[in-house]
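Visitor: Input file: coords-v1.cif. Contents: mmCIF, C-alpha atoms.
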data_coords
loop_
_atom_site.label_atom_id
_atom_site.label_comp_id
_atom_site.auth_asym_id
_atom_site.auth_seq_id
_atom_site.Cartn_x
_atom_site.Cartn_y
_atom_site.Cartn_z
CA MET C 1010 86.75 86.38 137.07
CA ASN C 1011 85.86 88.07 133.79
CA PRO C 1012 85.86 85.84 130.74
CA VAL C 1013 88.21 86.55 127.86
CA ILE C 1014 86.48 88.25 124.92
CA GLU C 1015 87.07 86.33 121.69
CA LEU C 1016 87.51 88.15 118.38
CA ASP C 1017 87.70 86.44 115.00
CA ALA C 1018 89.75 88.49 112.52
CA ARG C 1019 90.59 85.62 110.19
CA ARG C 1020 90.74 86.54 106.50
CA LEU C 1021 90.88 90.21 107.37
CA LEU C 1022 93.90 92.07 106.07
CA CYS C 1023 95.71 94.80 108.00
CA PRO C 1024 94.71 97.24 109.26
CA MET C 1025 91.27 95.66 109.62
CA PRO C 1026 92.26 93.28 112.45
CA VAL C 1027 93.68 96.26 114.32
CA ILE C 1028 90.47 98.23 113.77
CA ARG C 1029 88.42 95.25 114.97
CA LEU C 1030 90.56 95.02 118.13
CA GLN C 1031 90.52 98.79 118.67
CA ASP C 1032 86.73 99.02 118.38
CA CYS C 1033 86.29 96.15 120.83
CA VAL C 1034 88.84 97.39 123.37
CA GLU C 1035 87.37 100.92 123.37
CA LYS C 1036 84.14 99.60 124.86
CA GLN C 1037 85.81 97.65 127.66
CA ALA C 1038 87.00 98.58 131.12
CA SER C 1039 90.69 98.63 132.03
CA GLY C 1040 92.10 95.18 132.65
CA VAL C 1041 89.69 93.33 130.34
CA LYS C 1042 91.33 90.67 128.19
CA VAL C 1043 90.64 90.12 124.50
CA ARG C 1044 91.91 87.20 122.40
CA ILE C 1045 92.05 87.93 118.69
CA THR C 1046 92.70 85.32 116.00
CA CYS C 1047 94.15 86.59 112.72
CA THR C 1048 95.49 85.18 109.47
CA ASP C 1049 97.35 88.20 108.09
CA PRO C 1050 101.02 87.83 109.08
CA GLY C 1051 101.19 91.63 109.21
CA THR C 1052 99.34 91.43 112.51
CA MET C 1053 102.54 90.09 114.06
CA SER C 1054 103.96 93.59 113.88
CA ASP C 1055 100.80 95.71 113.80
CA ILE C 1056 98.93 94.42 116.86
CA PRO C 1057 101.90 94.67 119.25
CA ALA C 1058 102.69 98.14 117.84
CA TRP C 1059 99.10 99.29 118.30
CA CYS C 1060 99.12 97.97 121.88
CA ARG C 1061 102.41 99.69 122.70
CA ILE C 1062 101.32 103.11 121.50
CA ASN C 1063 97.91 102.92 123.15
CA GLY C 1064 99.04 101.56 126.51
CA HIS C 1065 97.65 98.03 126.22
CA ARG C 1066 99.60 94.85 126.87
CA VAL C 1067 100.11 91.75 124.73
CA LEU C 1068 100.05 88.95 127.31
CA ALA C 1069 100.63 86.09 124.88
CA THR C 1070 101.26 85.47 121.20
CA GLU C 1071 100.80 82.14 119.48
CA GLN C 1072 101.19 80.97 115.89
CA LEU C 1073 99.27 77.90 114.77
CA ASP C 1074 99.69 76.99 111.09
CA HIS C 1075 98.39 80.07 109.29
CA GLU C 1076 96.80 81.64 112.35
CA TYR C 1077 98.23 84.29 114.64
CA ILE C 1078 96.60 84.56 118.06
CA PHE C 1079 97.10 87.43 120.49
CA LEU C 1080 95.89 87.75 124.07
CA VAL C 1081 95.63 91.45 124.82
CA GLN C 1082 94.84 93.19 128.10
CA LYS C 1083 93.33 96.66 127.98
CA ASP C 1084 95.31 99.38 129.69
CA PRO C 1085 96.53 97.23 132.63
CA ASP C 1086 98.02 100.29 134.35
CA GLY C 1087 94.66 102.08 134.28
CA ASN C 1088 95.95 105.16 132.43
CA MET X 622 96.28 124.99 129.67
CA THR X 623 97.79 122.42 127.33
CA ARG X 624 96.27 122.64 123.87
CA LYS X 625 95.51 119.50 121.91
CA ALA X 626 95.95 118.88 118.20
CA VAL X 627 94.78 115.95 116.13
CA ALA X 628 97.20 115.03 113.35
CA LEU X 629 96.23 113.26 110.15
CA ILE X 630 98.84 110.50 110.03
CA SER X 631 99.27 108.88 106.63
CA GLY X 632 102.42 107.02 107.56
CA GLY X 633 104.61 109.15 105.33
CA LEU X 634 107.38 111.54 106.22
CA ASP X 635 105.41 114.77 105.92
CA SER X 636 102.80 113.96 108.53
CA LEU X 637 105.55 112.69 110.84
CA LEU X 638 107.42 115.99 110.57
CA ALA X 639 104.31 118.15 110.88
CA ALA X 640 103.27 116.40 114.08
CA LYS X 641 106.80 116.61 115.49
CA LEU X 642 106.99 120.37 114.85
CA ILE X 643 103.78 120.87 116.80
CA GLN X 644 104.78 118.52 119.61
CA GLN X 645 107.93 120.60 120.04
CA GLN X 646 105.78 123.60 120.85
CA GLY X 647 104.30 121.84 123.85
CA ILE X 648 101.07 120.84 122.16
CA GLU X 649 99.57 117.44 123.03
CA VAL X 650 99.13 115.51 119.77
CA GLU X 651 97.12 112.40 118.92
CA GLY X 652 96.92 110.88 115.46
CA ILE X 653 94.11 109.66 113.28
CA ASN X 654 94.51 107.45 110.26
CA PHE X 655 91.67 106.74 107.87
CA PHE X 656 91.13 103.31 106.34
CA THR X 657 89.40 103.67 102.97
CA GLY X 658 90.08 100.18 101.62
CA PHE X 659 92.32 101.65 98.92
CA CYS X 660 95.37 102.69 100.96
CA VAL X 661 96.39 99.14 101.27
CA GLU X 662 100.01 98.52 100.42
CA GLY X 663 100.14 96.00 103.24
CA HIS X 664 97.37 93.97 101.69
CA THR X 665 99.42 93.04 98.66
CA HIS X 666 102.23 91.96 100.94
CA ALA X 667 99.85 89.86 102.98
CA ILE X 668 98.40 88.12 99.95
CA ARG X 669 101.40 87.34 97.77
CA LYS X 670 103.61 84.61 99.16
CA HIS X 671 106.87 85.84 97.66
CA GLU X 672 106.34 89.19 99.40
CA ARG X 673 105.83 87.61 102.80
CA ASN X 674 109.47 87.52 103.76
CA ARG X 675 109.85 91.25 103.26
CA VAL X 676 109.89 93.30 106.43
CA LYS X 677 106.54 95.00 106.53
CA ARG X 678 104.85 97.26 108.97
CA ASN X 679 101.93 99.61 109.11
CA ASN X 680 103.65 102.92 108.54
CA ALA X 681 101.01 104.96 110.36
CA LEU X 682 101.57 102.85 113.49
CA TRP X 683 105.31 103.21 113.03
CA VAL X 684 105.01 107.01 112.79
CA ALA X 685 102.83 107.13 115.92
CA GLU X 686 105.38 105.07 117.79
CA GLN X 687 108.22 107.38 116.70
CA LEU X 688 106.23 110.34 117.98
CA GLY X 689 105.03 108.59 121.13
CA ILE X 690 101.42 109.44 120.37
CA LYS X 691 98.16 107.53 120.34
CA LEU X 692 96.81 106.58 116.93
CA HIS X 693 93.15 106.07 116.15
CA ILE X 694 92.53 104.08 112.96
CA ILE X 695 89.11 104.93 111.60
CA ASP X 696 87.18 102.73 109.20
CA ILE X 697 85.56 105.00 106.60
CA VAL X 698 85.08 102.35 103.91
CA ASP X 699 81.33 102.82 103.54
CA GLU X 700 81.24 106.59 103.75
CA TYR X 701 84.19 106.88 101.38
CA LYS X 702 82.27 105.26 98.54
CA ASP X 703 80.51 108.50 97.72
CA VAL X 704 83.89 110.24 97.42
CA VAL X 705 85.09 107.65 94.91
CA ILE X 706 81.86 107.36 92.98
CA ASN X 707 80.73 111.00 92.86
CA PRO X 708 83.74 113.29 93.32
CA LYS X 709 82.57 116.88 93.11
CA HIS X 710 85.98 118.05 91.96
CA GLY X 711 86.56 115.15 89.56
CA TYR X 712 89.35 112.62 89.22
CA GLY X 713 93.08 112.94 88.73
CA ALA X 714 94.92 110.95 86.07
CA ASN X 715 93.12 107.76 87.11
CA LEU X 716 90.13 107.17 89.39
CA ASN X 717 91.82 109.11 92.18
CA PRO X 718 89.53 111.78 93.64
CA CYS X 719 92.40 113.44 95.52
CA LEU X 720 90.81 116.81 96.23
CA ASP X 721 87.49 115.36 97.38
CA CYS X 722 89.42 112.80 99.42
CA LYS X 723 91.36 115.50 101.24
CA ILE X 724 88.19 117.51 101.90
CA PHE X 725 86.38 114.41 103.16
CA MET X 726 89.18 113.37 105.50
CA LEU X 727 89.47 116.84 106.95
CA HIS X 728 85.75 116.94 107.45
CA LYS X 729 85.95 113.64 109.36
CA ALA X 730 88.90 114.98 111.35
CA GLN X 731 86.92 118.07 112.26
CA GLU X 732 84.04 115.87 113.48
CA TRP X 733 86.52 113.82 115.52
CA LEU X 734 88.01 117.00 116.99
CA LYS X 735 84.62 118.16 118.22
CA GLN X 736 83.73 114.78 119.68
CA HIS X 737 87.01 114.51 121.54
CA ASP X 738 87.39 118.13 122.59
CA PHE X 739 90.61 118.86 120.70
CA ASP X 740 91.63 122.37 119.64
CA PHE X 741 92.94 122.15 116.08
CA ILE X 742 93.92 119.88 113.21
CA ILE X 743 97.35 119.45 111.63
CA THR X 744 98.34 117.87 108.33
CA GLY X 745 101.62 117.27 106.55
CA GLU X 746 100.56 119.15 103.42
CA VAL X 747 103.18 121.11 101.50
CA ILE X 748 102.27 123.74 98.93
CA GLY X 749 102.71 122.42 95.41
CA GLN X 750 103.77 118.95 96.42
CA ARG X 751 100.78 117.22 94.84
CA PRO X 752 99.42 118.36 91.51
CA LYS X 753 95.85 118.73 92.65
CA SER X 754 95.11 118.50 96.33
CA GLN X 755 98.09 120.58 97.51
CA ARG X 756 98.00 123.52 95.10
CA LYS X 757 98.21 126.82 96.95
CA LYS X 758 95.04 128.25 95.48
CA LEU X 759 93.08 125.12 96.41
CA MET X 760 94.23 125.00 100.02
CA PRO X 761 91.62 127.55 101.17
CA VAL X 762 88.99 125.57 99.23
CA VAL X 763 89.95 122.42 101.12
CA ALA X 764 89.86 124.23 104.47
CA GLU X 765 86.49 125.84 103.75
CA GLU X 766 84.66 122.91 102.15
CA SER X 767 85.80 120.50 104.84
CA GLY X 768 84.50 122.79 107.55
CA ALA X 769 87.91 122.81 109.21
CA ASP X 770 88.45 126.47 108.26
CA ASP X 771 91.11 128.13 110.34
CA LEU X 772 91.30 125.24 112.78
CA LEU X 773 93.45 123.63 110.09
CA LEU X 774 97.18 124.24 110.50
CA ARG X 775 99.72 122.98 107.97
CA PRO X 776 103.00 123.26 109.91
CA LEU X 777 105.29 122.46 106.96
CA CYS X 778 104.07 125.39 104.87
CA ALA X 779 102.18 127.55 107.38
CA ARG X 780 104.45 130.58 106.96
CA SER X 781 103.40 130.85 103.32
CA LEU X 782 99.71 130.74 104.17
CA PRO X 783 97.37 133.08 106.06
CA GLU X 784 97.46 132.84 109.84
CA THR X 785 95.21 130.24 111.41
CA LEU X 786 93.48 130.28 114.76
CA PRO X 787 96.22 128.38 116.66
CA GLU X 788 98.74 130.97 115.44
CA ARG X 789 96.57 134.02 116.14
CA GLU X 790 95.76 132.78 119.61
CA GLY X 791 99.42 132.15 120.35
CA TRP X 792 98.94 128.42 120.94
CA VAL X 793 101.77 127.88 118.46
CA ASP X 794 104.60 130.18 117.42
CA ARG X 795 104.28 130.83 113.68
CA GLU X 796 107.98 131.68 113.45
CA LYS X 797 108.87 128.12 114.37
CA LEU X 798 106.78 126.69 111.54
CA LYS X 799 108.05 126.11 107.99
CA ASP X 800 107.50 127.56 104.53
CA PHE X 801 108.20 124.49 102.41
CA SER X 802 106.87 124.40 98.87
CA GLY X 803 107.32 122.43 95.67
CA ARG X 804 108.00 118.84 94.84
CA SER X 805 111.55 118.66 96.17
CA ARG X 806 111.88 116.41 99.18
CA LYS X 807 115.17 117.89 100.32
CA PRO X 808 113.78 120.25 102.99
CA GLN X 809 111.79 117.41 104.53
CA MET X 810 114.76 115.07 104.45
CA ALA X 811 116.93 117.70 106.10
CA LEU X 812 114.33 118.25 108.81
CA ALA X 813 114.03 114.48 109.32
CA ALA X 814 117.79 114.32 109.83
CA GLU X 815 117.59 117.23 112.28
CA PHE X 816 114.98 115.34 114.30
CA GLY X 817 116.95 112.10 114.06
CA PHE X 818 114.32 110.23 112.09
CA GLU X 819 115.64 107.40 109.95
CA ASP X 820 113.99 104.53 108.17
CA TYR X 821 110.85 106.54 107.42
CA ALA X 822 108.51 105.44 104.65
CA GLN X 823 109.59 106.61 101.27
CA PRO X 824 107.45 109.33 99.79
CA ALA X 825 104.85 109.77 98.39
CA GLY X 826 101.61 109.17 96.54
CA GLY X 827 102.05 105.43 96.11
CA CYS X 828 99.88 104.38 99.00
CA CYS X 829 96.49 104.68 97.30
CA PHE X 830 95.46 102.12 94.72
CA LEU X 831 93.21 104.64 93.00
CA THR X 832 96.28 106.43 91.67
CA ASP X 833 97.32 103.19 89.94
CA GLN X 834 96.31 102.98 86.29
CA SER X 835 95.88 99.21 86.17
CA TYR X 836 93.79 99.20 89.33
CA SER X 837 91.60 102.02 88.04
CA VAL X 838 91.00 100.17 84.76
CA LYS X 839 89.81 97.14 86.72
CA LEU X 840 87.50 99.24 88.86
CA GLN X 841 86.04 100.94 85.78
CA ASP X 842 85.54 97.52 84.16
CA LEU X 843 83.69 96.37 87.28
CA TRP X 844 81.37 99.38 87.13
CA ASP X 845 80.81 99.09 83.38
CA ASN X 846 79.88 95.43 83.55
CA ARG X 847 77.62 95.73 86.56
CA GLY X 848 75.88 98.71 85.02
CA LYS X 849 76.31 100.76 88.17
CA ARG X 850 79.05 102.61 89.95
CA ASP X 851 79.20 100.85 93.30
CA TYR X 852 81.43 98.44 95.18
CA GLU X 853 81.79 96.44 98.36
CA LEU X 854 84.99 95.99 100.34
CA ASP X 855 85.48 92.48 98.90
CA ASP X 856 85.29 93.92 95.38
CA ILE X 857 88.09 96.37 95.95
CA MET X 858 90.20 93.73 97.69
CA LEU X 859 89.80 91.31 94.80
CA LEU X 860 90.80 93.94 92.24
CA LYS X 861 94.30 93.72 93.71
CA VAL X 862 94.61 89.98 93.38
CA GLY X 863 95.35 87.75 90.41
CA ARG X 864 94.84 88.05 86.67
CA HIS X 865 91.50 89.51 85.70
CA ILE X 866 90.22 88.07 82.44
CA ARG X 867 86.82 88.87 80.97
CA PRO X 868 86.05 86.66 77.95
CA SER X 869 82.52 88.06 77.71
CA LYS X 870 80.31 90.61 79.37
CA ALA X 871 78.65 87.76 81.25
CA PHE X 872 81.59 86.76 83.44
CA LYS X 873 85.10 87.51 84.60
CA LEU X 874 87.77 85.16 85.87
CA ILE X 875 90.09 86.10 88.71
CA ILE X 876 93.00 83.68 88.40
CA ALA X 877 95.63 83.36 91.14
CA ARG X 878 99.21 84.02 90.08
CA GLU X 879 100.98 82.21 92.88
CA GLU X 880 100.43 80.21 96.07
CA GLY X 881 99.70 83.16 98.35
CA GLU X 882 96.99 84.38 95.98
CA ASN X 883 95.61 80.83 95.70
CA GLN X 884 95.26 80.73 99.47
CA PHE X 885 93.69 84.18 99.61
CA LEU X 886 91.17 83.42 96.84
CA SER X 887 90.27 80.10 98.47
CA GLY X 888 88.74 82.17 101.26
CA TYR X 889 86.08 83.24 98.75
CA LYS X 890 84.94 79.72 97.82
CA ARG X 891 81.66 80.17 99.64
CA GLN X 892 80.83 83.32 97.71
CA PHE X 893 81.93 82.39 94.18
CA GLN X 894 81.87 79.52 91.73
CA THR X 895 85.44 78.35 91.35
CA ILE X 896 87.67 76.43 88.97
CA SER X 897 90.76 74.57 90.14
CA THR X 898 93.25 72.31 88.44
CA VAL X 899 93.16 68.62 89.44
CA SER X 900 95.61 66.77 87.19
CA HIS X 901 98.41 69.33 87.42
CA ALA X 902 99.61 72.03 89.76
CA GLY X 903 97.70 75.13 88.88
CA PRO X 904 95.79 78.17 89.98
CA LEU X 905 92.44 78.65 91.61
CA ALA X 906 90.06 80.88 89.65
CA LEU X 907 86.97 82.68 90.89
CA ILE X 908 84.11 83.17 88.44
CA GLU X 909 82.39 86.49 88.85
CA GLY X 910 79.16 87.10 87.00
CA GLU X 911 76.14 85.22 85.74
CA PRO X 912 75.95 81.40 85.93
CA LEU X 913 77.85 80.03 82.94
CA ASP X 914 76.39 77.95 80.12
CA PRO X 915 78.33 74.77 79.21
CA GLN X 916 80.27 76.50 76.43
CA GLN X 917 81.29 79.40 78.65
CA LEU X 918 82.28 76.99 81.41
CA GLU X 919 84.51 75.04 79.03
CA LEU X 920 86.15 78.27 77.89
CA ALA X 921 86.65 79.38 81.51
CA CYS X 922 88.29 76.03 82.34
CA ALA X 923 90.50 76.15 79.21
CA ILE X 924 91.69 79.66 80.12
CA THR X 925 92.42 78.63 83.72
CA ALA X 926 94.25 75.49 82.52
CA ARG X 927 96.48 77.69 80.37
CA TYR X 928 98.00 79.08 83.59
CA SER X 929 98.58 75.60 85.09
CA LYS X 930 101.61 73.34 84.81
CA GLY X 931 99.58 71.40 82.26
CA ARG X 932 99.47 74.28 79.80
CA ASP X 933 101.15 72.16 77.09
CA ALA X 934 99.19 68.95 77.81
CA ASP X 935 96.51 67.63 75.46
CA SER X 936 94.03 67.39 78.30
CA VAL X 937 93.89 68.83 81.80
CA GLU X 938 91.42 67.77 84.44
CA MET X 939 89.71 70.69 86.13
CA ARG X 940 87.23 70.91 89.01
CA PHE X 941 84.29 73.26 88.81
CA SER X 942 82.77 73.97 92.22
CA ASP X 943 79.59 75.67 93.18
CA ARG X 944 78.37 75.94 96.75
CA GLU X 945 74.85 74.89 95.78
CA GLN X 946 75.50 72.55 92.85
CA GLY X 947 78.50 70.79 94.38
CA SER X 948 81.52 70.07 92.21
CA ARG X 949 82.22 68.19 89.02
CA ARG X 950 85.26 67.38 86.94
CA ILE X 951 85.80 68.72 83.45
CA HIS X 952 88.54 67.75 81.00
CA VAL X 953 89.77 70.50 78.69
CA LYS X 954 92.61 71.29 76.34
CA PRO X 955 94.32 74.39 77.70
CA LEU X 956 93.74 77.44 75.57
CA PRO X 957 96.97 78.39 73.76
CA ALA X 958 98.33 81.77 74.81
CA ALA X 959 97.80 83.09 71.27
CA GLN X 960 94.09 82.41 71.56
CA ILE X 961 93.67 84.52 74.67
CA ASN X 962 92.29 87.71 73.20
CA PRO X 963 94.30 90.64 74.59
CA ASP X 964 91.03 92.53 74.96
CA TRP X 965 89.92 89.96 77.54
CA VAL X 966 92.80 90.81 79.87
CA ILE X 967 91.94 93.70 82.14
CA VAL X 968 95.05 95.71 82.96
#
What does the file become when written as structure tokens?
Guide:
Amino acid sequence: MNPVIELDARRLLCPMPVIRLQDCVEKQASGVKVRITCTDPGTMSDIPAWCRINGHRVLATEQLDHEYIFLVQKDPDGN
Amino acid sequence: MTRKAVALISGGLDSLLAAKLIQQQGIEVEGINFFTGFCVEGHTHAIRKHERNRVKRNNALWVAEQLGIKLHIIDIVDEYKDVVINPKHGYGANLNPCLDCKIFMLHKAQEWLKQHDFDFIITGEVIGQRPKSQRKKLMPVVAEESGADDLLLRPLCARSLPETLPEREGWVDREKLKDFSGRSRKPQMALAAEFGFEDYAQPAGGCCFLTDQSYSVKLQDLWDNRGKRDYELDDIMLLKVGRHIRPSKAFKLIIAREEGENQFLSGYKRQFQTISTVSHAGPLALIEGEPLDPQQLELACAITARYSKGRDADSVEMRFSDREQGSRRIHVKPLPAAQINPDWVIV
């Protein structure tokens, strides 16, 4: 089983966390999972929106204190 | 064969409409959005606590979702520096290099088009809408200097401009494009209603901090006091946060104005010497510049204390922290507001 790729986007303000996720996901094969940890509350809308328009899936979202954590799967439908 | 267009998506209404017009002609559209570090409305919302409850979204992502297109957000922070620092066509009213910016972005779009095998570029430009970058006589200059040439189609005003390759080749029907011009937003709002778009971002020109006078003054101050015209991403982020007070050429204070800014600035504790208030509720201040002598440090603490809840107290306990020297406590009498020289305040 492939490990989950961890991305640290703490202290980055939008759209930088999205760019960080985008640049990581681009290099991966379909189905790969990436967990990104953010501190900008704007990621709560931006990361799901970016996933929706690009065909990726948010598998889980978690908020811990001032951190927002997203588990994203690249293009699960293989499009 | 389905033709493909790449649309420059700013997040505003014009690029939304331009892309929609082209989509309607059966063209496959994808969007690109450039991150310069200055088009950062969302950043202020993220930093300031009282703004956090406002509904906020990335408008470029929202536009892409309305259109059902992919959006590629491209980090051009480093390359963009040369546009800001050495604009061939000069600045607008502030440090906004709008014409060079447009040329640069179209050049990047043209590179992207080649790499991704797309056929042409579309923008939401409207003749005469912006005083500099959208003047009719400059539009050919933009197309030529960017290298986009006649691969650049401006659907909202195309019928008032010479034919471009996508029109000549019949990929798009010129008659279905528009001839908008001028600063009125009514034609765009009518077209938005026709397409059923609501809740779009309000126009226009307010998305770039370089068009803001106060921001430009702070950037110029940064250049003047460093003796060189350069910046890093952290510099341009910090110019948007807090009060900027420069009591001498040697140093500047960046003082948080509220809790959200305090939290944001605390993320820079490893990079800067800081002053915080111990005996009262108060702001965090970053010290930017040379190491301070004892007199300068006392002044910096007294200024910071003036913005604390202890501003009227005889003595306020402050903490000076330095990553290498550790921290120590300093007692000061807050500087009365009248003694803060207006020339120190960078606005």
Visitor: So the first atom is CA of Leu854 (chain X) and the second is CA of Ser636 (chain X); what is the distance between them in Å, to one decimal place?
Guide: 26.6 Å
Visitor: Compare C:Ile1028, C:Leu1068, C:Ala1058, C:Leu1021 by their minimum atom-to-atom distance to Pro1085 (chain C), counting only C-alpha atoms, and give me the closest one.
Guide: C:Leu1068
Visitor: Specify as a list of chain:residue names each residue included when the PyMOL selection byres ((chain C) within 9 of (chain X)) is applied to this file.
Guide: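 With the PyMOL selection byres ((chain C) within 9 of (chain X)) on this model, the match is C:Arg1020, C:Leu1022, C:Cys1023, C:Pro1024, C:Met1025, C:Val1027, C:Ile1028, C:Gln1031, C:Asp1049, C:Pro1050, C:Gly1051, C:Thr1052, C:Ser1054, C:Asp1055, C:Ala1058, C:Trp1059, C:Arg1061, C:Ile1062, C:Asn1063, C:Gly1064.
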Visitor: Suppose you want the space between CA of Gln892 (chain X) and CA of Leu905 (chain X); what is it in Å?
Guide: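 One can read the CA of Gln892 (chain X) to CA of Leu905 (chain X) distance as 13.9 Å.
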Visitor: What is the CA of Glu796 (chain X) to CA of Arg780 (chain X) distance in Å?
Guide: 7.5 Å
Visitor: Written as a PyMOL selection string, which residues does the PyMOL selection byres ((chain X and resi 743) around 9) give for the file shown?
Guide: chain X and resi 626-629+636+639-640+643+741-742+744-746+772-776
Visitor: Just C-alpha atoms for this one: save the residues we selected as a compact mmCIF listing (two decimals), keeping the file's coordinate frame.
Guide:
# COMPACT_ATOMS: atom_id res chain seq x y z
CA ALA X 626 95.95 118.88 118.20
CA VAL X 627 94.78 115.95 116.13
CA ALA X 628 97.20 115.03 113.35
CA LEU X 629 96.23 113.26 110.15
CA SER X 636 102.80 113.96 108.53
CA ALA X 639 104.31 118.15 110.88
CA ALA X 640 103.27 116.40 114.08
CA ILE X 643 103.78 120.87 116.80
CA PHE X 741 92.94 122.15 116.08
CA ILE X 742 93.92 119.88 113.21
CA THR X 744 98.34 117.87 108.33
CA GLY X 745 101.62 117.27 106.55
CA GLU X 746 100.56 119.15 103.42
CA LEU X 772 91.30 125.24 112.78
CA LEU X 773 93.45 123.63 110.09
CA LEU X 774 97.18 124.24 110.50
CA ARG X 775 99.72 122.98 107.97
CA PRO X 776 103.00 123.26 109.91
Visitor: Quick one: of C:Val1013, C:Leu1073, C:Leu1030, C:Ala1018, who's nearest to Ile1056 (chain C), counting only C-alpha atoms?
Guide: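 Of C:Val1013, C:Leu1073, C:Leu1030, C:Ala1018, the one nearest Ile1056 (chain C), counting only C-alpha atoms, is C:Leu1030.
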Visitor: Give me the residues near Cys1047 (chain C) as a compact mmCIF listing (two decimals) with C-alpha atoms, in the coordinates of the input, where near means some atom within 6 Å (using all atoms listed in the file) and where sequence neighbours in that chain fewer than 4 positions away do not count.
Guide:
# COMPACT_ATOMS: atom_id res chain seq x y z
CA ALA C 1018 89.75 88.49 112.52
CA ARG C 1019 90.59 85.62 110.19
CA GLU C 1076 96.80 81.64 112.35
CA TYR C 1077 98.23 84.29 114.64
Visitor: At a cut-off of 12 Å, using all atoms listed in the file, what residues contact Lys1036 (chain C)? Leave out same-chain residues fewer than 6 positions from it and give the result as a count of residues only.
Guide: 6
Visitor: Within 7 Å of (91.4, 102.4, 127.0) (file coordinates; all atoms listed in the file), which protein or nucleic acid residues are there? I'd like them as a PyMOL selection string.
Guide: chain C and resi 1034-1035+1039+1083-1084
Visitor: Counting only C-alpha atoms, which of X:Asp740, X:Met726, X:Cys778, X:Ala822 gets nearest to Gly632 (chain X)?
Guide: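 Smallest separation from Gly632 (chain X) among the options: X:Ala822.
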Visitor: Would you please work out which residue, of C:Cys1060, C:Ile1078, C:Glu1015, C:His1065, is nearest to Gly1040 (chain C) when using all atoms listed in the file?
Guide: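 Ranking C:Cys1060, C:Ile1078, C:Glu1015, C:His1065 by distance to Gly1040 (chain C), first place goes to C:His1065.
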Visitor: Quick one: apply the PyMOL selection byres ((chain X and resi 909) around 8) to the file and drop the selected residues here as a ChimeraX atom specification.
Guide: /X:872-875,893-894,907-908,910-911
Visitor: Go through X:Thr785, X:Ser837, X:Gln916, X:Thr895 one by one, measure the shortest atom-to-atom distance of each to Arg940 (chain X) using all atoms listed in the file, and give the residue with the smallest value.
Guide: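 For Arg940 (chain X), the nearest of the given residues is X:Thr895.
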Visitor: Please identify all polymer residues within 7 Å of Tyr928 (chain X), counting only C-alpha atoms, omitting same-chain residues fewer than 3 positions from it, and present them as a PyMOL selection string.
Guide: chain X and resi 903-904+925+932
Visitor: Please provide the set of residues having any atom within 7 Å of Ala779 (chain X), restricted to all atoms listed in the file, with same-chain residues fewer than 6 positions apart removed, written as a PyMOL selection string.
Guide: chain X and resi 798-800
Visitor: Saving region 1019-1054 of chain C with C-alpha atoms, as a PDB file, in the first residue's frame, what would that file be?
Guide:
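Contents of the output file decode-v3.pdb:
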ATOM      1  CA  ARG C1019       1.396  25.986   7.781  1.00  0.00           C
ATOM      2  CA  ARG C1020       1.878  29.760   7.817  1.00  0.00           C
ATOM      3  CA  LEU C1021       1.279  29.926   4.090  1.00  0.00           C
ATOM      4  CA  LEU C1022      -1.581  32.137   3.003  1.00  0.00           C
ATOM      5  CA  CYS C1023      -3.942  31.318   0.141  1.00  0.00           C
ATOM      6  CA  PRO C1024      -3.396  30.601  -2.644  1.00  0.00           C
ATOM      7  CA  MET C1025       0.034  29.283  -1.647  1.00  0.00           C
ATOM      8  CA  PRO C1026      -1.280  26.128   0.076  1.00  0.00           C
ATOM      9  CA  VAL C1027      -3.273  25.356  -3.068  1.00  0.00           C
ATOM     10  CA  ILE C1028      -0.180  25.880  -5.234  1.00  0.00           C
ATOM     11  CA  ARG C1029       1.833  23.622  -2.920  1.00  0.00           C
ATOM     12  CA  LEU C1030      -0.832  20.903  -3.200  1.00  0.00           C
ATOM     13  CA  GLN C1031      -1.200  21.372  -6.960  1.00  0.00           C
ATOM     14  CA  ASP C1032       2.541  21.093  -7.586  1.00  0.00           C
ATOM     15  CA  CYS C1033       2.741  17.941  -5.485  1.00  0.00           C
ATOM     16  CA  VAL C1034      -0.334  16.261  -6.979  1.00  0.00           C
ATOM     17  CA  GLU C1035       0.813  16.948 -10.555  1.00  0.00           C
ATOM     18  CA  LYS C1036       3.800  14.661 -10.064  1.00  0.00           C
ATOM     19  CA  GLN C1037       1.795  11.760  -8.654  1.00  0.00           C
ATOM     20  CA  ALA C1038      -0.102   8.902 -10.242  1.00  0.00           C
ATOM     21  CA  SER C1039      -3.889   8.649 -10.046  1.00  0.00           C
ATOM     22  CA  GLY C1040      -5.104   7.388  -6.704  1.00  0.00           C
ATOM     23  CA  VAL C1041      -2.160   8.702  -4.668  1.00  0.00           C
ATOM     24  CA  LYS C1042      -3.146  10.320  -1.373  1.00  0.00           C
ATOM     25  CA  VAL C1043      -1.724  13.566  -0.030  1.00  0.00           C
ATOM     26  CA  ARG C1044      -2.331  15.002   3.444  1.00  0.00           C
ATOM     27  CA  ILE C1045      -1.829  18.755   3.667  1.00  0.00           C
ATOM     28  CA  THR C1046      -1.743  20.731   6.917  1.00  0.00           C
ATOM     29  CA  CYS C1047      -2.642  24.416   6.679  1.00  0.00           C
ATOM     30  CA  THR C1048      -3.223  27.355   9.002  1.00  0.00           C
ATOM     31  CA  ASP C1049      -5.026  29.759   6.666  1.00  0.00           C
ATOM     32  CA  PRO C1050      -8.776  29.320   7.248  1.00  0.00           C
ATOM     33  CA  GLY C1051      -9.273  30.220   3.588  1.00  0.00           C
ATOM     34  CA  THR C1052      -8.075  26.731   2.734  1.00  0.00           C
ATOM     35  CA  MET C1053     -11.387  25.425   4.057  1.00  0.00           C
ATOM     36  CA  SER C1054     -13.031  26.744   0.908  1.00  0.00           C
TER      37      SER C1054
END
